[in-house]
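> My structure is stored as data08.pdb, with PDB, C-alpha atoms.
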```pdb
ATOM      1  CA  MET A   1      20.079 107.196 -44.407
ATOM      2  CA  VAL A   2      23.658 108.380 -43.988
ATOM      3  CA  VAL A   3      24.989 104.880 -43.447
ATOM      4  CA  SER A   4      22.827 103.585 -46.314
ATOM      5  CA  TYR A   5      24.348 106.166 -48.640
ATOM      6  CA  ILE A   6      27.880 105.266 -47.536
ATOM      7  CA  HIS A   7      27.150 101.591 -48.086
ATOM      8  CA  ALA A   8      25.436 102.139 -51.465
ATOM      9  CA  LYS A   9      28.402 104.149 -52.746
ATOM     10  CA  GLY A  10      30.911 101.591 -51.451
ATOM     11  CA  LEU A  11      32.616 104.193 -49.262
ATOM     12  CA  GLN A  12      32.891 102.086 -46.116
ATOM     13  CA  TYR A  13      36.218 100.518 -45.262
ATOM     14  CA  SER A  14      34.729  97.019 -44.999
ATOM     15  CA  GLU A  15      31.412  95.344 -45.824
ATOM     16  CA  THR A  16      30.539  94.950 -42.157
ATOM     17  CA  GLU A  17      31.886  98.256 -40.839
ATOM     18  CA  TYR A  18      28.497  99.611 -39.754
ATOM     19  CA  ASP A  19      26.617  96.368 -39.092
ATOM     20  CA  GLU A  20      27.045  96.622 -35.321
ATOM     21  CA  PHE A  21      25.918 100.265 -35.311
ATOM     22  CA  LEU A  22      22.834  99.485 -37.401
ATOM     23  CA  CYS A  23      21.834  96.394 -35.426
ATOM     24  CA  LYS A  24      22.354  98.098 -32.079
ATOM     25  CA  TYR A  25      20.153 101.074 -32.837
ATOM     26  CA  ASP A  26      17.599  99.054 -34.781
ATOM     27  CA  THR A  27      17.011  97.022 -31.635
ATOM     28  CA  ILE A  28      16.991 100.059 -29.344
ATOM     29  CA  PHE A  29      14.507 102.028 -31.428
ATOM     30  CA  ARG A  30      12.368  99.036 -32.400
ATOM     31  CA  TYR A  31      11.895  98.149 -28.718
ATOM     32  CA  PRO A  32      12.211 101.534 -26.973
ATOM     33  CA  ASP A  33      10.563 100.553 -23.692
ATOM     34  CA  GLU A  34      12.924  97.636 -23.194
ATOM     35  CA  ASN A  35      16.081  99.553 -24.165
ATOM     36  CA  ASP A  36      15.805 102.999 -22.566
ATOM     37  CA  ALA A  37      15.657 104.661 -25.983
ATOM     38  CA  LYS A  38      15.293 108.171 -24.564
ATOM     39  CA  ASN A  39      18.732 107.952 -22.990
ATOM     40  CA  GLU A  40      20.254 106.262 -26.035
ATOM     41  CA  VAL A  41      19.339 109.104 -28.396
ATOM     42  CA  ARG A  42      22.420 111.148 -27.392
ATOM     43  CA  ASN A  43      24.678 108.135 -27.998
ATOM     44  CA  TYR A  44      23.048 107.572 -31.380
ATOM     45  CA  ILE A  45      23.599 111.190 -32.407
ATOM     46  CA  ASP A  46      27.218 111.131 -31.222
ATOM     47  CA  GLU A  47      28.023 107.863 -33.002
ATOM     48  CA  LEU A  48      26.303 108.956 -36.202
ATOM     49  CA  SER A  49      28.140 112.292 -36.096
ATOM     50  CA  ALA A  50      31.430 110.424 -35.778
ATOM     51  CA  ILE A  51      30.566 108.354 -38.854
ATOM     52  CA  VAL A  52      29.693 111.472 -40.868
ATOM     53  CA  ASP A  53      32.894 113.212 -39.735
ATOM     54  CA  LYS A  54      34.968 110.365 -41.195
ATOM     55  CA  TYR A  55      33.722 111.287 -44.677
ATOM     56  CA  LEU A  56      33.963 115.087 -44.560
TER      57      LEU A  56
END
```
Spit out the file's structure as structure tokens when you get a sec.

Amino acid sequence: MVVSYIHAKGLQYSETEYDEFLCKYDTIFRYPDENDAKNEVRNYIDELSAIVDKYL
């Protein structure tokens, strides 16, 4: 939702700035057994926190 808000408000630096982030975690969480989702949760939180910090 955070990235959606940033995109909807046109706050991102480029149109594709968060595409890689969204695609990566969409795949990981859509197919958790194939992508070790439990271990990726910390990475997701860290990357999302970094995105939020850019706009504070």
> Smallest atom-to-atom distance to Glu47 (chain A): which of A:Leu11, A:Thr16, A:Glu34, A:Val2, using only C-alpha atoms?
A:Val2
> Take the PyMOL selection byres ((chain A and resi 17-33) around 10), apply it to the structure above, and return the hits as a list in words.
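Evaluating the PyMOL selection byres ((chain A and resi 17-33) around 10) on this file yields Val3, Ser4, Ile6, His7, Gln12, Tyr13, Ser14, Glu15, Thr16, Glu34, Asn35, Asp36, Ala37, Lys38, Asn39, Glu40, Val41, Asn43, Tyr44, Glu47, Leu48 and Ile51 of chain A.
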> Each side padded by 8 Å, which centre and which edge lengths in Å (one decimal) define the axis-aligned box around the listed atoms of region 6-23 of chain A? Give them as lines of an AutoDock Vina configuration file.

```
center_x = 29.0
center_y = 100.1
center_z = -44.0
size_x = 30.4
size_y = 26.3
size_z = 33.4
```
